[in-house]
Structures are given as C-alpha cells and as structure tokens.
$ cat upload-v9.tsv   # TSV, C-alpha atoms
chain	number	residue	atom	x	y	z
S	112	MET	CA	-13.46	-7.07	-33.10
S	113	GLN	CA	-11.97	-3.68	-32.26
S	114	TYR	CA	-12.79	-1.86	-29.04
S	115	GLU	CA	-12.29	1.84	-28.37
S	116	PRO	CA	-9.21	2.61	-26.19
S	117	THR	CA	-11.45	4.11	-23.49
S	118	ALA	CA	-13.06	3.08	-20.21
S	119	GLU	CA	-16.22	2.32	-22.19
S	120	GLY	CA	-14.28	0.02	-24.50
S	121	LEU	CA	-12.79	-1.86	-21.53
S	122	LEU	CA	-16.23	-2.19	-19.94
S	123	LYS	CA	-17.58	-3.77	-23.13
S	124	ILE	CA	-14.73	-6.28	-23.11
S	125	LEU	CA	-15.39	-7.20	-19.48
S	126	GLU	CA	-19.12	-7.52	-20.09
S	127	LYS	CA	-18.39	-9.81	-23.04
S	128	LEU	CA	-16.12	-11.97	-20.87
S	129	ARG	CA	-18.84	-12.24	-18.21
S	130	ALA	CA	-21.57	-13.15	-20.71
S	131	PRO	CA	-23.01	-16.72	-20.73
S	132	ASP	CA	-20.90	-17.51	-23.81
S	133	GLY	CA	-17.87	-15.67	-22.41
S	134	CYS	CA	-14.72	-16.80	-20.61
S	135	PRO	CA	-15.28	-19.57	-17.99
S	136	TRP	CA	-12.60	-18.10	-15.69
S	137	ASP	CA	-13.96	-14.55	-15.82
S	138	ARG	CA	-17.53	-15.76	-15.27
S	139	GLU	CA	-16.47	-17.55	-12.06
S	140	GLN	CA	-14.97	-14.42	-10.48
S	141	THR	CA	-16.66	-12.83	-7.49
S	142	ARG	CA	-16.15	-9.56	-5.66
S	143	GLN	CA	-13.99	-11.39	-3.12
S	144	THR	CA	-11.76	-13.23	-5.61
S	145	LEU	CA	-11.28	-10.04	-7.63
S	146	SER	CA	-10.19	-8.16	-4.51
S	147	ARG	CA	-7.20	-10.48	-4.11
S	148	HIS	CA	-6.11	-9.81	-7.69
S	149	LEU	CA	-6.56	-6.07	-7.16
S	150	ALA	CA	-4.21	-6.07	-4.17
S	151	GLY	CA	-1.55	-7.82	-6.23
S	152	GLU	CA	-1.96	-5.47	-9.19
S	153	VAL	CA	-1.62	-2.41	-6.94
S	154	ALA	CA	1.58	-3.89	-5.52
S	155	GLU	CA	2.97	-4.41	-9.04
S	156	LEU	CA	2.08	-0.83	-9.94
S	157	LEU	CA	3.92	0.50	-6.88
S	158	GLU	CA	6.94	-1.60	-7.80
S	159	ALA	CA	6.93	-0.17	-11.34
S	160	ILE	CA	6.71	3.36	-9.92
S	161	ASP	CA	9.64	2.65	-7.61
S	162	ARG	CA	11.68	1.48	-10.62
S	163	ASN	CA	10.55	4.62	-12.52
S	164	GLU	CA	9.81	2.61	-15.67
S	165	PRO	CA	7.11	4.45	-17.67
S	166	ALA	CA	6.26	1.49	-19.92
S	167	ALA	CA	5.75	-0.79	-16.91
S	168	ILE	CA	3.77	1.91	-15.07
S	169	CYS	CA	1.48	2.28	-18.09
S	170	ASP	CA	0.95	-1.49	-18.25
S	171	GLU	CA	0.28	-1.85	-14.52
S	172	LEU	CA	-2.12	1.13	-14.49
S	173	GLY	CA	-4.13	-0.73	-17.11
S	174	ASP	CA	-4.25	-3.87	-14.96
S	175	VAL	CA	-5.40	-1.86	-11.93
S	176	MET	CA	-8.06	-0.08	-13.99
S	177	MET	CA	-9.29	-3.38	-15.40
S	178	ASN	CA	-9.69	-4.79	-11.88
S	179	VAL	CA	-11.53	-1.68	-10.69
S	180	LEU	CA	-13.96	-1.74	-13.62
S	181	PHE	CA	-14.39	-5.50	-13.24
S	182	GLN	CA	-15.77	-4.82	-9.74
S	183	ALA	CA	-18.24	-2.35	-11.27
S	184	VAL	CA	-19.35	-4.91	-13.85
S	185	VAL	CA	-20.01	-7.48	-11.11
S	186	ALA	CA	-21.97	-4.89	-9.10
S	187	ALA	CA	-24.04	-3.97	-12.17
S	188	GLU	CA	-24.94	-7.63	-12.68
S	189	GLN	CA	-26.28	-7.67	-9.11
S	190	GLN	CA	-28.12	-4.38	-9.75
S	191	GLU	CA	-26.20	-2.60	-6.98
S	192	PHE	CA	-24.52	0.16	-8.97
S	193	THR	CA	-22.91	0.75	-12.36
S	194	ALA	CA	-19.59	2.06	-13.62
S	195	GLU	CA	-21.41	5.27	-14.49
S	196	ASP	CA	-22.37	5.62	-10.82
S	197	VAL	CA	-18.73	5.16	-9.85
S	198	PHE	CA	-17.57	7.88	-12.24
S	199	ARG	CA	-20.41	10.21	-11.22
S	200	ASN	CA	-19.58	9.81	-7.51
S	201	ILE	CA	-15.86	10.44	-7.91
S	202	ASN	CA	-16.43	13.39	-10.27
S	203	ASP	CA	-18.81	14.99	-7.78
S	204	LYS	CA	-16.42	14.35	-4.92
S	205	MET	CA	-13.42	15.86	-6.73
S	206	VAL	CA	-15.38	19.01	-7.59
S	207	ARG	CA	-16.79	19.25	-4.06
S	208	ARG	CA	-13.39	18.81	-2.38
S	209	HIS	CA	-11.66	21.31	-4.66
S	210	ALA	CA	-13.81	24.28	-3.74
S	211	HIS	CA	-10.80	26.56	-4.35
S	212	ILE	CA	-10.92	25.57	-8.03
S	213	PHE	CA	-14.61	24.96	-8.69
S	214	GLY	CA	-16.07	27.21	-6.00
S	215	ASP	CA	-15.41	30.37	-4.02
S	216	ALA	CA	-12.86	29.08	-1.50
S	217	LYS	CA	-9.30	30.48	-1.52
S	218	ALA	CA	-6.13	28.43	-1.24
S	219	GLU	CA	-2.57	29.67	-1.73
S	220	THR	CA	-0.62	26.71	-0.37
S	221	ALA	CA	-0.88	22.92	-0.19
S	222	GLU	CA	-1.69	23.30	3.51
S	223	ASP	CA	-4.67	25.52	2.64
S	224	VAL	CA	-5.88	22.86	0.22
S	225	ALA	CA	-5.57	20.17	2.89
S	226	LYS	CA	-7.70	22.23	5.28
S	227	ILE	CA	-10.42	22.69	2.66
S	228	TRP	CA	-10.32	18.96	1.90
S	229	GLN	CA	-10.78	18.07	5.58
S	230	GLU	CA	-13.58	20.61	6.06
S	231	VAL	CA	-15.51	19.21	3.10
S	232	LYS	CA	-14.98	15.63	4.31
S	233	LYS	CA	-16.33	16.62	7.73
S	234	LYS	CA	-19.47	18.10	6.14
S	235	GLU	CA	-19.91	14.94	4.07
S	236	ARG	CA	-19.89	12.81	7.24
S	237	GLY	CA	-22.33	15.11	9.00
S	238	SER	CA	-22.00	17.06	12.22
S	239	ALA	CA	-22.42	14.04	14.49
S	240	GLU	CA	-19.23	12.04	14.68
S	241	GLU	CA	-19.64	8.30	15.25
S	242	ASN	CA	-16.31	8.17	17.06
S	243	PRO	CA	-14.98	11.31	18.78
S	244	SER	CA	-11.43	9.89	18.98
S	245	ILE	CA	-8.82	11.51	16.74
S	246	LEU	CA	-8.02	7.95	15.67
S	247	GLY	CA	-11.64	7.14	14.88
S	248	LYS	CA	-11.46	8.01	11.17
S	249	LEU	CA	-8.14	6.61	10.07
S	250	PRO	CA	-7.94	5.75	6.37
S	251	GLN	CA	-7.83	2.07	5.46
S	252	THR	CA	-4.67	0.91	3.70
S	253	LEU	CA	-3.30	-2.32	2.26
S	254	SER	CA	-0.22	-1.95	4.43
S	255	ALA	CA	-0.03	-2.17	8.23
S	256	LEU	CA	3.19	-0.12	8.06
S	257	THR	CA	1.37	2.68	6.28
S	258	ARG	CA	-1.47	2.53	8.80
S	259	ALA	CA	1.03	2.73	11.66
S	260	GLU	CA	2.43	5.95	10.20
S	261	ASP	CA	-1.11	7.31	9.78
S	262	ILE	CA	-1.75	6.66	13.49
S	263	GLN	CA	1.49	8.37	14.44
S	264	LYS	CA	0.74	11.41	12.28
S	265	LYS	CA	-2.67	11.81	13.92
S	266	VAL	CA	-1.38	11.79	17.49
S	267	ALA	CA	1.61	13.97	16.53
S	268	LYS	CA	-0.79	16.68	15.38
S	269	ALA	CA	-2.32	16.55	18.88
S	270	GLY	CA	1.12	17.14	20.38
S	271	PHE	CA	1.95	13.53	21.27
S	272	ASP	CA	5.26	13.25	19.45
S	273	TRP	CA	8.99	12.84	19.96
S	274	GLN	CA	11.36	15.77	20.41
S	275	ASP	CA	13.93	14.32	18.01
S	276	GLN	CA	14.75	11.15	16.08
S	277	TYR	CA	17.31	10.00	18.67
S	278	GLY	CA	14.53	9.54	21.20
S	279	ILE	CA	12.84	7.16	18.78
S	280	ILE	CA	16.11	5.27	18.32
S	281	ASP	CA	16.25	4.80	22.10
S	282	LYS	CA	12.69	3.49	21.94
S	283	ILE	CA	13.68	1.04	19.20
S	284	ARG	CA	16.50	-0.26	21.42
S	285	GLU	CA	14.04	-0.59	24.30
S	286	GLU	CA	11.59	-2.56	22.17
S	287	LEU	CA	14.40	-4.78	20.86
S	288	ASP	CA	15.45	-5.55	24.45
S	289	GLU	CA	11.84	-6.48	25.22
S	290	VAL	CA	11.83	-8.88	22.26
S	291	SER	CA	14.96	-10.52	23.66
S	292	SER	CA	13.38	-10.79	27.13
S	293	ALA	CA	10.22	-12.32	25.70
S	294	LEU	CA	12.32	-14.86	23.77
S	295	ALA	CA	14.14	-15.77	26.99
S	296	GLU	CA	10.77	-16.31	28.71
S	297	GLY	CA	9.73	-18.71	25.98
S	298	ASP	CA	6.29	-17.09	25.69
S	299	GLU	CA	5.65	-17.07	21.93
S	300	THR	CA	2.53	-14.89	22.19
S	301	HIS	CA	4.53	-12.29	24.12
S	302	VAL	CA	7.33	-12.49	21.53
S	303	ASP	CA	4.83	-11.78	18.74
S	304	GLU	CA	3.47	-8.78	20.66
S	305	GLU	CA	6.93	-7.31	21.24
S	306	ILE	CA	7.95	-7.78	17.60
S	307	GLY	CA	4.83	-5.81	16.66
S	308	ASP	CA	5.86	-3.04	19.05
S	309	LEU	CA	9.33	-3.03	17.51
S	310	LEU	CA	7.93	-2.67	13.99
S	311	PHE	CA	5.68	0.18	15.17
S	312	ALA	CA	8.68	1.98	16.69
S	313	VAL	CA	10.76	1.60	13.52
S	314	SER	CA	7.90	2.94	11.38
S	315	ASN	CA	7.70	5.90	13.78
S	316	LEU	CA	11.29	6.78	12.93
S	317	THR	CA	10.57	6.86	9.19
S	318	ARG	CA	7.44	8.95	9.81
S	319	PHE	CA	9.33	11.44	12.00
S	320	ARG	CA	12.08	11.94	9.38
S	321	LYS	CA	9.47	13.01	6.77
S	322	ARG	CA	11.34	11.41	3.92
S	323	ALA	CA	10.52	8.01	2.41
S	324	THR	CA	7.75	6.03	4.10
S	325	ALA	CA	8.39	2.74	5.90
S	326	GLU	CA	6.61	0.96	3.05
S	327	GLU	CA	8.86	2.58	0.43
S	328	LEU	CA	12.01	1.83	2.41
S	329	LEU	CA	11.00	-1.80	2.94
S	330	ARG	CA	10.27	-2.24	-0.77
S	331	ALA	CA	13.74	-0.83	-1.53
S	332	ALA	CA	15.29	-3.23	1.02
S	333	ASN	CA	13.42	-6.13	-0.59
S	334	ARG	CA	14.81	-5.22	-4.01
S	335	LYS	CA	18.33	-4.92	-2.60
S	336	PHE	CA	18.11	-8.31	-0.92
S	337	ILE	CA	16.80	-9.96	-4.10
S	338	SER	CA	19.59	-8.43	-6.17
S	339	ARG	CA	22.30	-9.60	-3.76
S	340	PHE	CA	20.91	-13.10	-3.37
S	341	GLN	CA	20.65	-13.50	-7.13
S	342	LYS	CA	24.37	-12.63	-7.31
S	343	VAL	CA	25.02	-15.38	-4.76
S	344	GLU	CA	23.01	-17.81	-6.91
S	345	LYS	CA	25.03	-16.83	-9.97
S	346	MET	CA	28.34	-17.41	-8.16
S	347	LEU	CA	27.11	-20.81	-6.95
S	348	ALA	CA	26.00	-21.73	-10.46
S	349	GLU	CA	29.49	-20.88	-11.77
S	350	ARG	CA	30.85	-23.40	-9.25
S	351	GLY	CA	28.22	-25.98	-10.14
S	352	ILE	CA	26.76	-25.96	-6.62
S	353	PRO	CA	22.97	-26.02	-6.08
S	354	VAL	CA	21.81	-23.36	-3.64
S	355	GLU	CA	20.19	-25.96	-1.39
S	356	GLN	CA	23.54	-27.77	-1.00
S	357	ALA	CA	25.80	-24.74	-0.46
S	358	GLY	CA	25.55	-24.58	3.33
S	359	ILE	CA	25.37	-21.50	5.52
S	360	THR	CA	29.14	-20.95	5.69
S	361	LEU	CA	29.58	-20.70	1.92
S	362	LEU	CA	26.33	-18.75	1.53
S	363	GLU	CA	27.50	-16.15	4.05
S	364	GLU	CA	30.92	-15.90	2.34
S	365	LEU	CA	29.34	-15.30	-1.07
S	366	TRP	CA	26.80	-12.91	0.47
S	367	GLN	CA	29.63	-10.73	1.73
S	368	GLN	CA	31.17	-10.79	-1.75
S	369	ALA	CA	27.83	-9.81	-3.28
S	370	LYS	CA	27.62	-6.84	-0.90
S	371	GLN	CA	30.91	-5.54	-2.28
$ encode --input "upload-v9.tsv" --output "structure tokens"
Amino acid sequence: MQYEPTAEGLLKILEKLRAPDGCPWDREQTRQTLSRHLAGEVAELLEAIDRNEPAAICDELGDVMMNVLFQAVVAAEQQEFTAEDVFRNINDKMVRRHAHIFGDAKAETAEDVAKIWQEVKKKERGSAEENPSILGKLPQTLSALTRAEDIQKKVAKAGFDWQDQYGIIDKIREELDEVSSALAEGDETHVDEEIGDLLFAVSNLTRFRKRATAEELLRAANRKFISRFQKVEKMLAERGIPVEQAGITLLEELWQQAKQ
C-alpha cells in the first residue's frame, strides 16, 4: 500500500501500526517510552547537522517528525488532542508572534523581532506573572549545559556579568582548586557539588565568547576523542593486541601518536 509523502500519510501509517491488528511493539508504546526515543532522535539530528551531511539530516528529521506525530496519535487515542490541534496551535502561534509579517508591527533588525516575540509571549502568559524572578521563565532544554547558558544570559541582561573572559578563566581556576580541596577532604557529596560549579563556570566562558555553545563544543570534543581512540584501536589491531590487554603505558603512547 502506498502512502502520500506528507504528514497525513505518516499519520495514517502510525495509526495503522497502533491498530489492534498492527505492530505489537508500536502498540505497546506509551507517551513516556516514546519520549526516550525522541530524545535520542533529536541527538542524532544534531549530530548530523554538526557533520553537515544533508542526506543524514533529511533522514534524522524524518525520525524526529515520526516521534512527534506518534505522540499526537497516542494523545488522540486518549481523546486529549489530535495532530490537527497540534498544527493549528503552532500555526496560530507563529502568526501571532510574527506580528511584523502578519500584522501591523514594524521590525528592521533581528533584535526588533526578538522584542516583538517577547512582548507577544508576555501577553500570552497574562499580566500576572507566577514568578517575578528573571529566572522564573527559563526555557526547558534537553541539556543542562544549554540551560546553564540560558541562566547566564538572563542575569547578564540584568547587568550581572563578567567584564572580560579572563575573569571567567580565573573563576574556572578557583572552582578547580575547590574541586581539589573537596577531594582532599574525602567528602564525595562536596566533590560532586564543586564539579557542578566547575562545569557551570566553563559553560559561562563559552556563553561570554558568543561563538559556539558549550553543547556544540562538547559534541565536537566527543567526536575528536572517538576519532583518536579509533586510531589507537587500529594501531593495536595491527600489532595483534586486544585493547583490554594493551595497558595504560602503551595506550598513552599510541594516543600521543594518534594526536599527531
């Protein structure tokens, strides 16, 4: 059976999979189990974007879309809302928040657009704020590093920011010293707390520089580490030595070669 290459076609496929005579695995999925798959698919999409591989990006976008629509199918079964409701809500929101395109507002720069966006969001929430703190309405993210940068951006707008990046580097050194002190104390809970402070300080440096985010830089570092370690594995294989039997001395020697 052929299905149209549209959102409606994908919805029909998902509904078929969820039917009583459909796929046993798909019928067992819940909102909670699907959310775990969604997080993984988003991560794979980000990785494909980092590699700048259009074919992979196209494939991963499809996986993300399938997971999103799968949630709508589950909600429709429970008579909560439908995929049509999802599309209607986001269409209305996009029109509402782009008043400079679909309304009478004026915007000449990206900053003007951001102001309009925030004004509309404030009206959507109503005049009474549940939390008056500037940190009361932080966006939710899959990454704690991204959330840390969001916190830092909020307080920086209020004037609570560093004068230059070297001040942040001094703070990183201070936090690293506190990790060392906590390790010397032998208090594991304190060590965990100080490592968290260190990560927060490092993410502050990436935020201040206004270039790549901490999340993007860490993904790049992950790819670099994987590439180098795979070179080490290849060199060990050429010598007929299993990785588990190489020992730290040989591993470090080959690691330095891989870095070259």
$ atom_distance --input "upload-v9.tsv" --atom1 "atom CA of Arg334 of chain S" --atom2 "atom CA of Glu158 of chain S"
9.5 Å
$ closest_residue --input "upload-v9.tsv" --among "S:Val179, S:Ile227, S:Cys169, S:Leu347" --to "Gly214 of chain S" --atoms "all atoms listed in the file"
S:Ile227
$ closest_residue --input "upload-v9.tsv" --among "S:Leu246, S:Ala325, S:Ile306, S:Asn200" --to "Glu260 of chain S" --atoms "all atoms listed in the file"
S:Ala325
$ closest_residue --input "upload-v9.tsv" --among "S:Ala194, S:Ala312, S:Val290, S:Leu149" --to "Tyr277 of chain S" --atoms "all atoms listed in the file"
S:Ala312
$ closest_residue --input "upload-v9.tsv" --among "S:Met112, S:Ile124, S:Met205, S:Leu172" --to "Leu156 of chain S" --atoms "all atoms listed in the file"
S:Leu172
$ atom_distance --input "upload-v9.tsv" --atom1 "atom CA of Asp223 of chain S" --atom2 "atom CA of Arg207 of chain S"
15.2 Å
$ residues_near_point --input "upload-v9.tsv" --point "(7.0, 10.7, 7.3)" --cutoff "12 Å" --atoms "all atoms listed in the file" --output "PDB file with C-alpha atoms, keeping the file's coordinate frame"
ATOM      1  CA  LEU S 256       3.190  -0.120   8.060  1.00  0.00           C
ATOM      2  CA  THR S 257       1.370   2.680   6.280  1.00  0.00           C
ATOM      3  CA  ARG S 258      -1.470   2.530   8.800  1.00  0.00           C
ATOM      4  CA  ALA S 259       1.030   2.730  11.660  1.00  0.00           C
ATOM      5  CA  GLU S 260       2.430   5.950  10.200  1.00  0.00           C
ATOM      6  CA  ASP S 261      -1.110   7.310   9.780  1.00  0.00           C
ATOM      7  CA  ILE S 262      -1.750   6.660  13.490  1.00  0.00           C
ATOM      8  CA  GLN S 263       1.490   8.370  14.440  1.00  0.00           C
ATOM      9  CA  LYS S 264       0.740  11.410  12.280  1.00  0.00           C
ATOM     10  CA  LYS S 265      -2.670  11.810  13.920  1.00  0.00           C
ATOM     11  CA  ALA S 267       1.610  13.970  16.530  1.00  0.00           C
ATOM     12  CA  GLN S 276      14.750  11.150  16.080  1.00  0.00           C
ATOM     13  CA  VAL S 313      10.760   1.600  13.520  1.00  0.00           C
ATOM     14  CA  SER S 314       7.900   2.940  11.380  1.00  0.00           C
ATOM     15  CA  ASN S 315       7.700   5.900  13.780  1.00  0.00           C
ATOM     16  CA  LEU S 316      11.290   6.780  12.930  1.00  0.00           C
ATOM     17  CA  THR S 317      10.570   6.860   9.190  1.00  0.00           C
ATOM     18  CA  ARG S 318       7.440   8.950   9.810  1.00  0.00           C
ATOM     19  CA  PHE S 319       9.330  11.440  12.000  1.00  0.00           C
ATOM     20  CA  ARG S 320      12.080  11.940   9.380  1.00  0.00           C
ATOM     21  CA  LYS S 321       9.470  13.010   6.770  1.00  0.00           C
ATOM     22  CA  ARG S 322      11.340  11.410   3.920  1.00  0.00           C
ATOM     23  CA  ALA S 323      10.520   8.010   2.410  1.00  0.00           C
ATOM     24  CA  THR S 324       7.750   6.030   4.100  1.00  0.00           C
ATOM     25  CA  ALA S 325       8.390   2.740   5.900  1.00  0.00           C
ATOM     26  CA  GLU S 326       6.610   0.960   3.050  1.00  0.00           C
ATOM     27  CA  GLU S 327       8.860   2.580   0.430  1.00  0.00           C
ATOM     28  CA  LEU S 328      12.010   1.830   2.410  1.00  0.00           C
TER      29      LEU S 328
END
$ closest_residue --input "upload-v9.tsv" --among "S:Leu122, S:Val184, S:Leu128, S:Ile160" --to "Arg330 of chain S" --atoms "only C-alpha atoms"
S:Ile160
$ closest_residue --input "upload-v9.tsv" --among "S:Glu344, S:Glu230, S:Glu191, S:Glu305" --to "Ser291 of chain S" --atoms "all atoms listed in the file"
S:Glu305
$ residues_around --input "upload-v9.tsv" --residues "Glu363 of chain S" --least-positions-apart "3" --cutoff "12 Å" --atoms "only C-alpha atoms" --output "PyMOL selection string"
chain S and resi 339-340+343-344+347+354+357-360+366-370
$ atom_distance --input "upload-v9.tsv" --atom1 "atom CA of Asn163 of chain S" --atom2 "atom CA of Ala331 of chain S"
12.7 Å
$ residues_around --input "upload-v9.tsv" --residues "Leu180 of chain S" --least-positions-apart "5" --cutoff "10 Å" --atoms "all atoms listed in the file" --output "list in words"
Ala118, Glu119, Leu121, Leu122, Leu125, Val175, Val185, Ala186, Thr193, Ala194 and Val197 of chain S
$ residues_around --input "upload-v9.tsv" --residues "His148 of chain S" --least-positions-apart "3" --cutoff "12 Å" --atoms "only C-alpha atoms" --output "number ranges by chain"
S: 140-145, 151-155, 174-179, 181-182
